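Trainee: What follows is coords20.txt, made up of compact mmCIF, C-alpha atoms:
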```
# COMPACT_ATOMS: atom_id res chain seq x y z
CA MET A 13 46.89 49.35 6.33
CA ILE A 14 46.43 45.69 5.38
CA ALA A 15 43.11 45.52 7.15
CA LEU A 16 41.83 48.55 5.28
CA LEU A 17 42.96 47.14 1.96
CA LEU A 18 41.36 43.83 2.85
CA LEU A 19 37.99 45.40 3.54
CA ALA A 20 38.13 47.41 0.36
CA ALA A 21 39.10 44.46 -1.80
CA LEU A 22 36.55 41.85 -0.72
CA PRO A 23 33.56 42.87 -2.86
CA SER A 24 35.57 43.28 -6.02
CA VAL A 25 37.19 39.91 -5.52
CA ALA A 26 33.79 38.33 -5.13
CA PHE A 27 32.73 39.71 -8.51
CA ALA A 28 35.98 38.57 -10.04
CA GLN A 29 35.29 35.05 -8.81
CA ARG A 30 31.88 35.08 -10.38
CA ASP A 31 33.31 36.14 -13.72
CA ARG A 32 35.95 33.45 -13.53
CA GLY A 33 33.30 30.87 -12.78
CA GLY A 34 31.49 31.74 -15.97
CA ARG A 35 34.55 30.94 -18.08
CA GLY A 36 34.03 28.33 -20.76
CA GLY A 37 30.41 28.95 -21.55
CA GLY A 38 29.23 31.89 -19.55
CA GLY A 39 27.06 29.55 -17.53
CA ALA A 40 25.88 31.36 -14.47
CA ARG A 41 26.58 34.89 -15.59
CA ALA A 42 23.21 35.64 -17.07
CA PRO A 43 19.75 34.23 -16.42
CA GLN A 44 18.47 31.88 -19.07
CA PRO A 45 14.85 31.78 -20.15
CA VAL A 46 12.88 28.81 -18.95
CA ALA A 47 11.82 26.02 -21.26
CA ARG A 48 8.68 27.61 -22.67
CA PRO A 49 9.07 31.35 -22.94
CA ALA A 50 5.79 33.15 -23.35
CA PRO A 51 5.50 35.58 -26.24
CA ALA A 52 7.01 38.95 -25.49
CA PRO A 53 7.21 38.75 -21.72
CA VAL A 54 7.32 42.01 -19.87
CA SER A 55 10.39 42.09 -17.70
CA ARG A 56 10.03 44.13 -14.55
CA PRO A 57 13.05 44.50 -12.33
CA GLN A 58 12.08 44.51 -8.69
CA PRO A 59 15.02 46.11 -6.93
CA GLN A 60 13.58 46.25 -3.43
CA SER A 61 10.48 44.12 -3.30
CA GLY A 62 9.29 40.77 -2.12
CA PHE A 63 8.54 37.82 -4.34
CA ASN A 64 5.38 38.14 -6.40
CA PHE A 65 3.53 34.85 -6.86
CA ASN A 66 0.06 36.36 -6.92
CA ARG A 67 -1.28 33.92 -9.46
CA ASP A 68 0.02 30.95 -7.50
CA ILE A 69 -1.30 31.95 -4.12
CA ALA A 70 -4.71 33.08 -5.34
CA PRO A 71 -7.58 30.68 -4.58
CA GLN A 72 -8.47 28.31 -7.38
CA PRO A 73 -11.73 26.39 -6.99
CA GLN A 74 -11.14 23.95 -9.87
CA VAL A 75 -7.79 22.66 -8.78
CA ARG A 76 -8.91 19.00 -8.82
CA GLN A 77 -9.54 19.06 -12.57
CA GLN A 78 -5.82 19.12 -13.24
CA GLN A 79 -5.07 15.72 -11.76
CA PRO A 80 -2.77 13.90 -14.18
CA GLN A 81 -3.82 10.58 -15.64
CA VAL A 82 -1.12 8.51 -14.02
CA ARG A 83 -2.00 9.75 -10.59
CA GLN A 84 -5.61 8.78 -11.16
CA GLN A 85 -4.48 5.20 -11.65
CA GLN A 86 -3.07 5.33 -8.16
CA ALA A 87 -6.04 7.04 -6.58
CA GLY A 88 -6.73 4.12 -4.29
CA ARG A 89 -3.28 4.17 -2.78
CA PRO A 90 -2.46 5.85 0.48
CA ALA A 91 -0.78 9.24 0.50
CA ARG A 92 2.52 9.25 -1.32
CA VAL A 93 5.37 9.38 1.12
CA PRO A 94 9.03 8.68 0.50
CA GLN A 95 9.57 4.93 0.67
CA PRO A 96 13.03 3.74 -0.21
CA ILE A 97 11.85 0.16 -0.41
CA ALA A 98 8.37 -0.39 -1.76
CA ARG A 99 7.68 -4.08 -1.99
CA GLY A 100 9.57 -6.02 0.66
CA PHE A 101 11.08 -8.89 -1.32
CA HIS A 102 13.18 -11.31 0.72
CA GLY A 103 14.58 -13.70 -1.86
CA VAL A 104 18.07 -14.25 -3.14
CA VAL A 105 20.31 -11.20 -3.20
CA VAL A 106 22.13 -10.69 -6.48
CA HIS A 107 25.10 -8.70 -5.30
CA ASN A 108 26.03 -5.67 -7.32
CA PRO A 109 29.35 -6.53 -8.96
CA HIS A 110 30.41 -2.89 -8.77
CA GLY A 111 29.02 -2.30 -5.32
CA GLY A 112 31.19 -1.12 -2.52
CA GLY A 113 29.02 -2.73 0.12
CA GLU A 114 28.70 0.42 2.16
CA ALA A 115 25.41 2.26 2.18
CA TRP A 116 25.16 5.06 -0.34
CA TYR A 117 28.68 4.45 -1.67
CA TRP A 118 27.29 5.19 -5.13
CA ASN A 119 26.03 8.64 -4.06
CA ARG A 120 29.18 9.93 -2.39
CA GLY A 121 27.92 8.67 0.93
CA VAL A 122 24.85 10.87 0.77
CA SER A 123 21.58 9.07 1.41
CA TRP A 124 19.11 9.16 -1.43
CA ALA A 125 15.39 9.62 -0.72
CA PRO A 126 12.54 9.61 -3.26
CA ALA A 127 11.02 12.92 -4.27
CA PRO A 128 7.26 12.34 -4.07
CA ILE A 129 6.02 14.06 -7.23
CA TYR A 130 8.30 12.15 -9.59
CA TRP A 131 7.88 8.66 -10.98
CA GLY A 132 9.97 6.30 -8.90
CA GLY A 133 10.81 9.24 -6.68
CA GLY A 134 13.23 10.41 -9.36
CA PHE A 135 15.32 7.23 -9.17
CA TRP A 136 14.99 6.55 -12.89
CA GLY A 137 15.16 10.18 -13.98
CA PRO A 138 13.46 13.52 -13.33
CA TRP A 139 10.09 12.39 -14.69
CA ALA A 140 7.36 14.29 -12.92
CA PHE A 141 3.93 12.65 -12.67
CA ALA A 142 2.33 15.84 -13.88
CA ASP A 143 4.38 15.87 -17.05
CA LEU A 144 5.07 12.26 -17.95
CA SER A 145 4.63 13.16 -21.60
CA ALA A 146 8.28 14.16 -21.43
CA ALA A 147 9.18 10.56 -20.59
CA ILE A 148 9.13 7.68 -23.04
CA LEU A 149 6.59 5.01 -22.13
CA PHE A 150 8.26 1.61 -21.93
CA GLY A 151 5.39 -0.87 -21.50
CA SER A 152 3.59 -1.74 -18.32
CA ILE A 153 3.12 -4.43 -15.69
CA VAL A 154 -0.25 -5.71 -14.48
CA ASP A 155 -0.22 -7.33 -11.07
CA ALA A 156 -2.50 -10.01 -9.65
CA ASN A 157 -4.99 -7.37 -8.54
CA ASN A 158 -5.14 -5.87 -12.03
CA ASN A 159 -3.26 -2.78 -10.96
CA VAL A 160 -1.39 -1.32 -13.92
CA TYR A 161 2.11 0.04 -13.41
CA GLN A 162 3.41 2.07 -16.32
CA SER A 163 7.10 1.90 -17.07
CA TYR A 164 9.28 4.56 -18.66
CA GLN A 165 12.67 4.77 -20.22
CA VAL A 166 15.46 5.27 -17.74
CA GLU A 167 17.38 8.53 -18.01
CA PRO A 168 21.13 8.21 -18.56
CA ASN A 169 23.14 9.28 -15.52
CA SER A 170 20.27 8.58 -13.17
CA PRO A 171 20.71 6.18 -10.22
CA GLY A 172 18.55 3.69 -12.10
CA ALA A 173 20.85 3.87 -15.10
CA GLN A 174 23.74 3.04 -12.81
CA VAL A 175 21.92 -0.07 -11.61
CA LEU A 176 21.46 -1.24 -15.19
CA ALA A 177 25.09 -0.52 -16.02
CA ASP A 178 26.41 -2.23 -12.90
CA TYR A 179 24.52 -5.44 -13.70
CA GLY A 180 25.08 -5.19 -17.44
CA LEU A 181 21.34 -5.10 -18.05
CA GLN A 182 19.62 -3.61 -21.06
CA GLN A 183 16.23 -2.04 -20.51
CA THR A 184 13.36 -3.19 -22.67
CA PRO A 185 9.64 -2.39 -22.60
CA CYS A 186 7.71 -4.29 -19.96
CA GLY A 187 5.02 -6.72 -21.03
CA PRO A 188 6.57 -9.78 -22.67
CA PRO A 189 7.34 -12.84 -20.53
CA ASN A 190 10.74 -13.93 -19.23
CA LEU A 191 12.05 -10.49 -18.48
CA VAL A 192 13.95 -9.19 -15.51
CA VAL A 193 11.34 -7.07 -13.73
CA ILE A 194 12.89 -4.54 -11.38
CA TRP A 195 10.76 -2.74 -8.82
CA GLY A 196 12.20 0.57 -7.77
CA PRO A 197 11.24 3.16 -5.20
CA ASP A 198 7.60 4.07 -4.76
CA ASN A 199 6.22 1.12 -6.77
CA SER A 200 7.98 2.08 -9.95
CA VAL A 201 9.02 -0.69 -12.29
CA ILE A 202 11.27 -1.22 -15.25
CA CYS A 203 12.15 -4.30 -17.26
CA ALA A 204 15.32 -5.63 -18.81
CA PHE A 205 16.53 -8.61 -20.78
CA GLN A 206 18.02 -11.38 -18.69
CA ASN A 207 21.74 -11.97 -18.76
CA ALA A 208 24.26 -14.34 -17.18
CA MET A 209 24.07 -12.50 -13.90
CA VAL A 210 20.36 -11.84 -13.54
CA ALA A 211 17.73 -14.45 -14.38
CA PRO A 212 14.15 -13.57 -15.36
CA GLY A 213 11.84 -12.78 -12.49
CA ASN A 214 10.82 -10.07 -10.08
CA TYR A 215 13.43 -8.10 -8.23
CA GLN A 216 13.47 -5.16 -5.90
CA ILE A 217 16.22 -2.59 -5.62
CA ASP A 218 17.84 -1.70 -2.37
CA PRO A 219 18.62 1.94 -3.13
CA SER A 220 21.28 2.20 -0.46
CA THR A 221 23.53 -0.40 -2.09
CA LEU A 222 22.01 -0.61 -5.58
CA THR A 223 21.52 -4.32 -4.95
CA LEU A 224 18.85 -6.50 -6.52
CA VAL A 225 16.80 -8.74 -4.24
CA SER A 226 14.66 -11.42 -5.84
CA GLN A 227 11.06 -12.09 -4.89
CA MET B 28 56.71 49.68 -3.31
CA ARG B 29 57.66 46.23 -2.07
CA ARG B 30 55.55 46.72 1.02
CA LEU B 31 52.58 47.74 -1.07
CA SER B 32 52.95 44.73 -3.35
CA PHE B 33 53.21 42.44 -0.35
CA ALA B 34 50.11 43.99 1.20
CA LEU B 35 48.14 43.57 -1.99
CA ALA B 36 49.24 39.97 -2.30
CA CYS B 37 48.09 39.31 1.27
CA VAL B 38 44.76 40.92 0.58
CA LEU B 39 44.18 38.90 -2.57
CA SER B 40 45.16 35.59 -1.01
CA VAL B 41 42.95 36.13 2.02
CA ALA B 42 40.05 37.30 -0.10
CA VAL B 43 40.26 34.28 -2.38
CA ALA B 44 40.43 31.90 0.55
CA PHE B 45 37.49 33.50 2.35
CA PRO B 46 35.08 34.95 -0.20
CA ALA B 47 32.69 37.60 0.96
CA ARG B 48 29.66 36.19 2.76
CA GLY B 49 26.19 37.54 2.40
CA ALA B 50 26.94 38.88 -1.07
CA ALA B 51 23.46 37.90 -2.34
CA GLU B 52 24.47 37.40 -5.92
CA ALA B 53 21.66 35.22 -7.17
CA LEU B 54 19.17 36.41 -9.72
CA VAL B 55 15.61 35.11 -9.74
CA ARG B 56 13.21 35.35 -12.64
CA VAL B 57 9.51 34.67 -12.15
CA GLN B 58 7.46 34.39 -15.31
CA GLN B 59 3.76 34.06 -14.68
CA SER B 60 1.25 32.44 -16.99
CA ASP B 61 0.13 35.76 -18.48
CA GLY B 62 3.65 36.45 -19.68
CA THR B 63 4.55 39.08 -17.14
CA THR B 64 7.97 38.57 -15.69
CA GLN B 65 9.57 39.84 -12.53
CA VAL B 66 13.31 39.83 -12.14
CA TYR B 67 14.84 39.96 -8.68
CA ARG B 68 18.50 40.76 -8.29
CA ASN B 69 20.63 40.43 -5.19
CA VAL B 70 18.76 37.39 -3.96
CA HIS B 71 20.32 35.59 -1.03
CA ALA B 72 20.64 31.85 -1.71
CA THR B 73 21.32 29.31 1.00
CA LEU B 74 21.47 25.54 0.82
CA SER B 75 20.54 23.71 4.00
CA GLY B 76 20.79 19.98 3.48
CA THR B 77 18.59 19.35 0.47
CA THR B 78 16.49 22.46 0.97
CA LEU B 79 17.30 25.61 -0.94
CA TRP B 80 16.29 28.98 0.46
CA LEU B 81 15.98 32.10 -1.67
CA ARG B 82 15.55 35.38 0.18
CA SER B 83 14.05 38.35 -1.64
CA PRO B 84 16.06 41.53 -2.19
CA ASP B 85 14.13 43.33 0.55
CA ARG B 86 14.95 40.40 2.86
CA LYS B 87 11.29 40.01 3.81
CA ASP B 88 10.21 37.03 1.74
CA ARG B 89 11.78 33.62 1.56
CA LEU B 90 11.18 30.87 -0.93
CA GLN B 91 11.78 27.46 0.56
CA ILE B 92 12.47 24.79 -2.04
CA VAL B 93 12.29 21.36 -0.47
CA SER B 94 13.85 18.62 -2.51
CA ALA B 95 14.94 15.01 -2.47
CA ALA B 96 16.46 12.48 -4.83
CA CYS B 97 19.78 14.29 -4.78
CA SER B 98 22.50 12.69 -6.84
CA PHE B 99 25.81 13.79 -8.31
CA PRO B 100 25.95 13.52 -12.07
CA HIS B 101 29.16 15.01 -13.41
CA ASP B 102 30.29 16.56 -10.13
CA LEU B 103 27.17 18.69 -9.77
CA GLN B 104 24.60 17.98 -7.11
CA ARG B 105 21.21 17.61 -8.72
CA CYS B 106 18.05 17.60 -6.59
CA LEU B 107 14.40 17.31 -7.48
CA PRO B 108 12.13 19.80 -5.70
CA TYR B 109 8.74 18.53 -4.61
CA GLN B 110 7.51 21.22 -2.26
CA VAL B 111 7.86 24.99 -2.51
CA ILE B 112 6.77 27.29 0.27
CA LEU B 113 6.64 31.06 0.06
CA HIS B 114 7.22 32.64 3.45
CA LYS B 115 5.82 36.17 3.60
CA PRO B 116 6.20 38.25 6.76
CA ASP B 117 2.58 37.66 7.71
CA ARG B 118 1.70 34.41 5.98
CA THR B 119 3.00 31.23 4.49
CA HIS B 120 1.82 29.96 1.13
CA GLN B 121 2.45 26.60 -0.42
CA LEU B 122 3.10 26.76 -4.15
CA THR B 123 2.16 23.58 -5.96
CA ILE B 124 4.77 22.61 -8.49
CA THR B 125 4.54 20.15 -11.33
CA ARG B 126 8.26 19.66 -11.67
CA GLY B 127 11.60 21.27 -11.09
CA VAL B 128 15.27 20.72 -10.64
CA PHE B 129 18.14 22.49 -9.06
CA TYR B 130 21.85 22.11 -9.46
CA VAL B 131 24.50 23.24 -7.05
CA ASN B 132 28.21 23.18 -7.61
CA LEU B 133 29.88 22.61 -4.29
CA THR B 134 33.30 22.27 -5.83
CA THR B 135 35.86 24.94 -6.62
CA GLU B 136 35.76 24.25 -10.36
CA PRO B 137 33.09 25.14 -12.91
CA HIS B 138 31.09 22.19 -14.24
CA HIS B 139 28.79 21.75 -17.21
CA LEU B 140 25.19 20.71 -16.87
CA LEU B 141 24.47 17.34 -18.40
CA HIS B 142 24.08 17.49 -22.17
CA SER B 143 24.39 21.24 -22.11
CA SER B 144 26.92 23.97 -22.69
CA GLN B 145 25.58 25.68 -19.58
CA VAL B 146 28.18 25.95 -16.87
CA VAL B 147 27.54 26.15 -13.15
CA ALA B 148 30.24 28.24 -11.51
CA PRO B 149 32.02 27.18 -8.32
CA HIS B 150 29.56 27.44 -5.43
CA GLY B 151 26.96 28.28 -8.04
CA VAL B 152 23.31 27.38 -8.04
CA MET B 153 20.81 26.98 -10.83
CA VAL B 154 17.10 26.42 -10.25
CA PHE B 155 14.16 25.72 -12.53
CA LEU B 156 10.59 25.33 -11.29
CA HIS B 157 7.21 25.06 -12.96
CA THR B 158 4.08 25.49 -10.91
CA THR B 159 0.62 24.11 -11.56
CA ARG B 160 -0.55 27.68 -12.21
CA GLY B 161 1.85 27.97 -15.11
CA THR B 162 4.53 30.03 -13.44
CA TYR B 163 8.13 29.43 -14.39
CA VAL B 164 10.82 30.25 -11.88
CA SER B 165 14.48 30.28 -12.66
CA ALA B 166 17.35 31.28 -10.45
CA THR B 167 21.02 31.47 -11.16
CA GLY B 168 23.92 32.76 -9.17
CA ARG B 169 26.11 31.97 -6.30
CA LEU B 170 25.32 30.28 -3.01
CA ASP B 171 25.81 32.57 -0.07
CA ASP B 172 25.98 29.66 2.29
CA ALA B 173 25.77 25.87 2.28
CA LYS B 174 25.23 23.84 5.45
```
The structure given in the file should be rewritten as structure tokens.

Mentor:
Amino acid sequence: MIALLLLAALPSVAFAQRDRGGRGGGGARAPQPVARPAPAPVSRPQPQSGFNFNRDIAPQPQVRQQQPQVRQQQAGRPARVPQPIARGFHGVVVHNPHGGGEAWYWNRGVSWAPAPIYWGGGFWGPWAFADLSAAILFGSIVDANNNVYQSYQVEPNSPGAQVLADYGLQQTPCGPPNLVVIWGPDNSVICAFQNAMVAPGNYQIDPSTLTLVSQ
Amino acid sequence: MRRLSFALACVLSVAVAFPARGAAEALVRVQQSDGTTQVYRNVHATLSGTTLWLRSPDRKDRLQIVSAACSFPHDLQRCLPYQVILHKPDRTHQLTITRGVFYVNLTTEPHHLLHSSQVVAPHGVMVFLHTTRGTYVSATGRLDDAK
């Protein structure tokens, strides 16, 4: 008797859980349109079909014309692969005053790896190279080989924002002298005003501990 | 009557503790650059590490969303997709994306997206992708499995 009731009740309970989850805003109950809805889209339910991405899988001979500007600046670099540490500084370590010491303590113990198509691998925010117009340009750094590294405003709640908060640093556009220059994953860079804890100069982040290492 | 009440209580408690698997409750919306939109209901969503898999209603196609840079703002896991692969029964196609994000709620409580009234339900998933061909993909619903 119980087993039969159990089998009969499972699907309805699953739906009830979904409804309960939507409480307080109706979040996942209904699909939301994406950021740029096209005019009068034609909605076609596909009850029993496979995914249709015909336009995406069709050959496109002119694909190279859509290379974004920032990626062109890096054309001479090798293929972009996830690199938690980009520059290899070995100077003084400025310990994170809020750090727990253990690797990835700040990310619930889950290791963080850069996502290749985003500036800084996504460490400073979800700023995709192909759409950096959504990010706010925050100056740039020119190295000894005249390579230009654009900098962008750090997104609140990103891992990079946590670094700034932990060290009490305030981001400022790169360019002027005597700034704290912080190199993040994948040759990304941001700048901040110096404070009592961090002197001006070049630093690299160890993403596992959110620690700054000077040049 | 008491026996019936007890039986129902047992059923409800067991069902809440072990929700139905394989329910395929996600909904996927694919809007292509010409404005046409396909909506797929009963999509099976599985999270394996930082890779999200969406299986089509006919169970033949799978969309593999490879991501990294996963972090946990406000109790939601947020990952940034960088590679999307469409697995058809006979072929595999790589879809080039410009950007994307997905959120999963691995907790038992609903949580808001950052700076949004949008709520991700317990064990819920929310996906947004934009391809270089101008296709927008969104998916919302419930994870069928998380490994």

Trainee: Mind listing as a CSV table (one decimal) with C-alpha atoms, in the coordinates of the input which residues of chain B are within 7 Å of chain A, counting all atoms listed in the file?

Mentor:
```csv
chain,number,residue,atom,x,y,z
B,34,ALA,CA,50.1,44.0,1.2
B,38,VAL,CA,44.8,40.9,0.6
B,42,ALA,CA,40.0,37.3,-0.1
B,46,PRO,CA,35.1,35.0,-0.2
B,47,ALA,CA,32.7,37.6,1.0
B,62,GLY,CA,3.6,36.4,-19.7
B,63,THR,CA,4.6,39.1,-17.1
B,64,THR,CA,8.0,38.6,-15.7
B,65,GLN,CA,9.6,39.8,-12.5
B,66,VAL,CA,13.3,39.8,-12.1
B,67,TYR,CA,14.8,40.0,-8.7
B,68,ARG,CA,18.5,40.8,-8.3
B,83,SER,CA,14.0,38.4,-1.6
B,84,PRO,CA,16.1,41.5,-2.2
B,85,ASP,CA,14.1,43.3,0.6
B,87,LYS,CA,11.3,40.0,3.8
B,88,ASP,CA,10.2,37.0,1.7
B,94,SER,CA,13.8,18.6,-2.5
B,95,ALA,CA,14.9,15.0,-2.5
B,96,ALA,CA,16.5,12.5,-4.8
B,97,CYS,CA,19.8,14.3,-4.8
B,98,SER,CA,22.5,12.7,-6.8
B,99,PHE,CA,25.8,13.8,-8.3
B,100,PRO,CA,26.0,13.5,-12.1
B,107,LEU,CA,14.4,17.3,-7.5
B,109,TYR,CA,8.7,18.5,-4.6
B,120,HIS,CA,1.8,30.0,1.1
B,122,LEU,CA,3.1,26.8,-4.2
B,125,THR,CA,4.5,20.2,-11.3
B,126,ARG,CA,8.3,19.7,-11.7
B,137,PRO,CA,33.1,25.1,-12.9
B,144,SER,CA,26.9,24.0,-22.7
B,145,GLN,CA,25.6,25.7,-19.6
B,146,VAL,CA,28.2,26.0,-16.9
B,147,VAL,CA,27.5,26.2,-13.2
B,148,ALA,CA,30.2,28.2,-11.5
B,149,PRO,CA,32.0,27.2,-8.3
B,160,ARG,CA,-0.6,27.7,-12.2
B,163,TYR,CA,8.1,29.4,-14.4
B,165,SER,CA,14.5,30.3,-12.7
B,167,THR,CA,21.0,31.5,-11.2
B,168,GLY,CA,23.9,32.8,-9.2
```

Trainee: Using only C-alpha atoms, which of B:Arg118, B:His101, B:Arg56, B:His138 sits nearest B:Val164?

Mentor: B:Arg56

Trainee: At what distance in Å, to one decimal, does atom CA of A:Thr184 lie from atom CA of A:Asn199?

Mentor: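 One can read the atom CA of A:Asn199 to atom CA of A:Thr184 distance as 18.0 Å.
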
Trainee: Find the distance between atom CA of B:Ala166 and atom CA of B:Pro108 and write it in Å to one decimal.

Mentor: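 The value is 13.5 Å.
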
Trainee: Can you work out which one of B:Thr73, B:Gln104, B:Thr134, B:Ser143 has the shortest atom-to-atom distance to B:Asp171, counting all atoms listed in the file?

Mentor: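 Comparing B:Thr73, B:Gln104, B:Thr134, B:Ser143 against B:Asp171, the winner is B:Thr73.
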
Trainee: Please measure the separation of atom CA of A:Ala177 and atom CA of A:Gly213, giving the value in Å to one decimal.

Mentor: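 The value is 18.4 Å.
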
Trainee: Got a sec: who's within 10 Å of A:Gly180, counting only C-alpha atoms, leaving out chain neighbours fewer than 2 positions off, as a PyMOL selection string?

Mentor: chain A and resi 109+174-178+182-183+204-210

Trainee: Restricting the calculation to all atoms listed in the file: of A:Ser200, A:Pro188, A:Phe101, A:Ala115, which residue gets closest to A:Gly151?

Mentor: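 Distance minimum relative to A:Gly151 lands on A:Pro188.
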